[in-house]
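Here's the structure, in structure tokens; my notes come after.
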Amino acid sequence: MAETIVVTSGKGGVGKTTTSASIAVGLAQRGKRVAVIDFDIGLRNLDLIMGCERRVVYDFVNVIQGDCQLKQALIKDRRIETLFVLAASQTRDKDALTSDGVKRVLDELSAEGFDYIICDSPAGIEKGAHLAMYFADQAVVVVNPEVSSVRDSDRILGLLASRTQRAEQGNGGVKEHLLLTRYSPRRVATGEMMSVQDVKEILGLDVVGVVPESPDVLQASNAGVPVILNDNSDAARAYEDAVARLLGENVPFRFVEEPKKGFFARLLGR
Amino acid sequence: MNVGPSRGGQPDASKARGLVGAATIETDSSAVDIRYGQVGLVHVRIRTTDPGKLLDDLTGRVAAAPHFFRRTAVCLELAALETPATVPEVQAVVDALRRAGMLAVGLAGDPDAVGGLSMALNLPILSSFRAPNRPVPVVQPAEAAAPAPVTASPSAQANASPEGLVAAQIHQQPVRSGQRVYGRNRDLIVTAAVGAGAEVMADGCLHVYGSLRGRAMAGAHGETSARIFCQEFYAELISIAGIFRVFETIPSELAGKPVQAWLAGEDLRLARIG
């Protein structure tokens, strides 16, 4: 039985697709069979971030409408053999998604032996976001440490607790995790930015990962290589830690403290 | 937007003074969409039921602002009358208002007092939300926080049988932005945080054992003795029996502290607890 994890946020542009890609890769690197699905019909970009945009023949909507078999639409990742991508349609919009259709695809993926299904949600709270979260077992709520993102995430947490299959059936609800992205310890120290503690207090949830602001993320998108595969990046290490915590490991938080300046840096006023 | 979880059910009284309803009940193929909306409504509080006197008074105002009196929807408030009005008297008032260019679309006040009029005249009862008439210091000295002890849940008992105890509604999950929880005919106790953009309401008292960042409304159907208690005060709006205050900034004496709010006459007062 596959574990379905939705990556959502409410607010746009906070790092859902970046996170979906990196978490999917992180889990697959540990030997899990992972499928990552783009629910942003019409504005697809998971395939760009994963680097397989020129290999999309059939997409999620094709599968739902029976135009093709699921196997034909799943794109195998060239770097990790247990990782598959199901791209969204670029020409349709969210109305092409149906609840039954989504359920069928998720059930079929589970039957195919996938361990994890990552659902990359679109921004907002409309149909695409609703269907991405509806069948989830777990949710990773991506939050930037700033007020609008926190407010929107609060709304999403409310929807996760009420408008999902697990909530409606009363079997324990969706397991919620917070992931902080674009975190800058220096700006937190100067009081410009909310701290991890501030966010935890407002949203009332523990944090499963803190990903620092990093230019590597933009480079990763441009190159079509999920940032977690970058050997020299703090953001990559932070995603690895987050995956470890999702799997139940206890990992101390890195990248939350301002790095101490070396003696010469301080001397020279840098 | 979709309806959040609301253990107490949705309030059925619509709001006279523009309180946000964030709920939409959606059915995809029906002929009707029903949603709560924000309405700004004029209040007309009359001190006499004499149609002649009302029209004399209004004529001057109509002349001064004719554009305002063009079938303007108004909520009629009778609380300032010395004696309770009868159905024919209120009907005459409604007719007089119509001649002056105002259409009564509801009655303000306590369901017990205006219920009969509401039924006879086919006007809904709207809770009245009134801002304080004059500036009142928000924070009262500590002594004022210990007035005559309030008997346990008088409002909850008022709507139940005299002997019966109506248990408070207890809500243990965080109330998230966009959600609304309503304690109908009783007190509401929330043992988690109330987020910014969330609403907690009760006909009786409201207790939030957590941080209160959203809107809190007690005495929703007019119980003036209802109070609001919270553990960490960051509320956006506080209302008791329709008298409300918005907090653009939180007074530093109250921010993040345990606070209670109550009505003293028409003044909404707040003070630290303990």
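Each chain of the structure tokens is named A, B, ... in the order shown, its residues numbered from 1; ligands are numbered from 1 in display order.
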**Q.** Test item, strand (DSSP E or B) assignment across stretch 9-250 of chain A, answer as number ranges by chain
**A.** A: 34-38, 75-76, 83-86, 116-120, 138-143, 175-183, 207-212
Let me see the file: selected residues, C-alpha atoms, as a compact mmCIF listing (two decimals), in the first residue's frame.
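Heads up, here's the output in again06.txt:
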# COMPACT_ATOMS: atom_id res chain seq x y z
CA VAL A 34 8.51 6.74 -5.83
CA ALA A 35 6.05 8.36 -8.24
CA VAL A 36 5.75 12.13 -8.27
CA ILE A 37 2.61 13.65 -9.88
CA ASP A 38 2.08 17.23 -11.05
CA ILE A 75 8.42 8.89 -17.21
CA LYS A 76 11.34 7.04 -15.70
CA LEU A 83 11.77 7.26 -9.54
CA PHE A 84 8.93 8.05 -11.98
CA VAL A 85 7.26 11.31 -13.00
CA LEU A 86 3.65 11.81 -14.09
CA TYR A 116 5.51 6.63 -2.06
CA ILE A 117 3.31 8.84 -4.24
CA ILE A 118 4.21 12.52 -4.03
CA CYS A 119 1.43 14.88 -5.15
CA ASP A 120 2.76 18.30 -6.18
CA GLN A 138 0.61 12.80 4.87
CA ALA A 139 1.07 16.44 3.97
CA VAL A 140 4.18 18.57 3.72
CA VAL A 141 3.04 22.18 4.06
CA VAL A 142 5.68 24.46 2.58
CA VAL A 143 5.92 27.82 4.32
CA LYS A 175 -0.37 13.64 9.15
CA GLU A 176 0.82 17.24 8.79
CA HIS A 177 4.45 18.40 8.51
CA LEU A 178 5.72 21.93 8.14
CA LEU A 179 8.67 22.65 5.90
CA LEU A 180 10.22 26.10 6.10
CA THR A 181 11.89 27.28 2.90
CA ARG A 182 13.93 30.37 1.93
CA TYR A 183 15.08 30.71 5.51
CA VAL A 207 8.85 21.64 11.63
CA VAL A 208 10.12 18.70 9.58
CA GLY A 209 12.76 20.74 7.78
CA VAL A 210 14.30 24.19 7.37
CA VAL A 211 15.72 24.88 3.92
CA PRO A 212 17.99 27.93 3.70
Q: May I ask you to extract the residues of chain A within 6 Å of chain B, using only C-alpha atoms, and to give them as a PyMOL selection string?
A: chain A and resi 154-155+158
Take the residues from that selection and put them in a file with N, CA, C and O atoms, as a JSON list (two decimals), in the first residue's frame.
[["chain", "number", "residue", "atom", "x", "y", "z"],
["A", 154, "ASP", "N", -1.98, 28.43, 7.22],
["A", 154, "ASP", "CA", -2.96, 28.18, 8.28],
["A", 154, "ASP", "C", -4.27, 27.73, 7.65],
["A", 154, "ASP", "O", -4.92, 26.78, 8.08],
["A", 155, "ARG", "N", -4.65, 28.40, 6.58],
["A", 155, "ARG", "CA", -5.88, 28.02, 5.87],
["A", 155, "ARG", "C", -5.78, 26.62, 5.32],
["A", 155, "ARG", "O", -6.69, 25.82, 5.44],
["A", 158, "GLY", "N", -6.20, 24.02, 7.88],
["A", 158, "GLY", "CA", -7.62, 23.86, 8.20],
["A", 158, "GLY", "C", -8.31, 22.96, 7.18],
["A", 158, "GLY", "O", -9.11, 22.09, 7.53]]
Q | All residues 12 Å or closer to A:Thr18, only C-alpha atoms, same chain fewer than 2 positions away omitted, as a ChimeraX atom specification | A | /A:7-8,13-16,20-25,36,38,45-51,120-121,142,179,181-182,211,216-222,224-229,235-236,239
Requested write-out: C-alpha atoms of the selected residues, as a compact mmCIF listing (two decimals), in the first residue's frame:
# COMPACT_ATOMS: atom_id res chain seq x y z
CA VAL A 7 3.18 18.90 -0.99
CA THR A 8 1.03 21.99 -0.63
CA GLY A 13 5.93 30.58 -5.24
CA VAL A 14 7.12 29.27 -1.87
CA GLY A 15 8.87 26.15 -3.17
CA LYS A 16 6.29 23.37 -3.54
CA SER A 20 8.26 17.79 -4.35
CA ALA A 21 11.16 17.09 -6.70
CA SER A 22 13.79 16.97 -3.96
CA ILE A 23 11.74 14.87 -1.59
CA ALA A 24 10.88 12.43 -4.38
CA VAL A 25 14.56 12.10 -5.29
CA VAL A 36 5.75 12.13 -8.27
CA ASP A 38 2.08 17.23 -11.05
CA ASN A 45 6.38 22.74 -14.20
CA LEU A 46 7.28 19.61 -12.29
CA ASP A 47 8.63 18.16 -15.52
CA LEU A 48 10.89 21.19 -15.99
CA ILE A 49 12.29 20.92 -12.47
CA MET A 50 12.83 17.19 -12.93
CA GLY A 51 14.50 17.73 -16.29
CA ASP A 120 2.76 18.30 -6.18
CA SER A 121 -0.16 20.63 -5.48
CA VAL A 142 5.68 24.46 2.58
CA LEU A 179 8.67 22.65 5.90
CA THR A 181 11.89 27.28 2.90
CA ARG A 182 13.93 30.37 1.93
CA VAL A 211 15.72 24.88 3.92
CA ASP A 216 21.48 26.81 -5.93
CA VAL A 217 17.73 26.41 -6.19
CA LEU A 218 17.47 28.69 -9.23
CA GLN A 219 20.40 26.96 -10.88
CA ALA A 220 18.78 23.63 -10.18
CA SER A 221 15.54 24.66 -11.90
CA ASN A 222 17.44 25.99 -14.88
CA GLY A 224 16.45 20.47 -14.61
CA VAL A 225 18.34 18.78 -11.78
CA PRO A 226 16.49 18.67 -8.42
CA VAL A 227 18.58 20.65 -5.93
CA ILE A 228 19.00 17.69 -3.57
CA LEU A 229 21.36 16.16 -6.14
CA ALA A 235 19.69 23.53 0.49
CA ALA A 236 20.41 20.01 -0.72
CA TYR A 239 16.29 18.48 1.98
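Around B:Leu123, within 9 Å and counting only C-alpha atoms, the residues found are B:Ala104, B:Val105, B:Gly106, B:Leu107, B:Leu117, B:Ser118, once anything fewer than 5 positions away on its own chain is removed.
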Q.
Applying 8 Å and only C-alpha atoms, which residues near A:Asp93 remain after dropping the ones on its own chain fewer than 4 positions away? List them as a PyMOL selection string.
A. chain A and resi 41-42+89
Restricting the output to all heavy atoms, write the selected residues as a JSON list (two decimals), in the first residue's frame.
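Result file follows (out39.json):
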[["chain", "number", "residue", "atom", "x", "y", "z"],
["A", 41, "ILE", "N", -2.57, 21.41, -13.40],
["A", 41, "ILE", "CA", -2.97, 21.21, -14.80],
["A", 41, "ILE", "C", -3.03, 22.57, -15.49],
["A", 41, "ILE", "O", -3.68, 23.49, -15.04],
["A", 41, "ILE", "CB", -4.37, 20.56, -14.85],
["A", 41, "ILE", "CG1", -4.43, 19.33, -13.96],
["A", 41, "ILE", "CG2", -4.75, 20.22, -16.28],
["A", 41, "ILE", "CD1", -3.54, 18.22, -14.36],
["A", 42, "GLY", "N", -2.35, 22.62, -16.63],
["A", 42, "GLY", "CA", -2.38, 23.87, -17.40],
["A", 42, "GLY", "C", -1.18, 24.76, -17.14],
["A", 42, "GLY", "O", -0.82, 25.58, -17.97],
["A", 89, "SER", "N", -0.94, 18.13, -17.74],
["A", 89, "SER", "CA", -1.22, 18.56, -19.10],
["A", 89, "SER", "C", -0.93, 20.06, -19.20],
["A", 89, "SER", "O", -1.13, 20.81, -18.25],
["A", 89, "SER", "CB", -2.70, 18.30, -19.39],
["A", 89, "SER", "OG", -3.09, 18.97, -20.54]]
Q) Which residues, written as a PyMOL selection string, have at least one atom at most 12 Å from A:Glu192, with only C-alpha atoms counted and residues fewer than 6 positions away on the same chain left out? A) chain A and resi 145-147+183-186
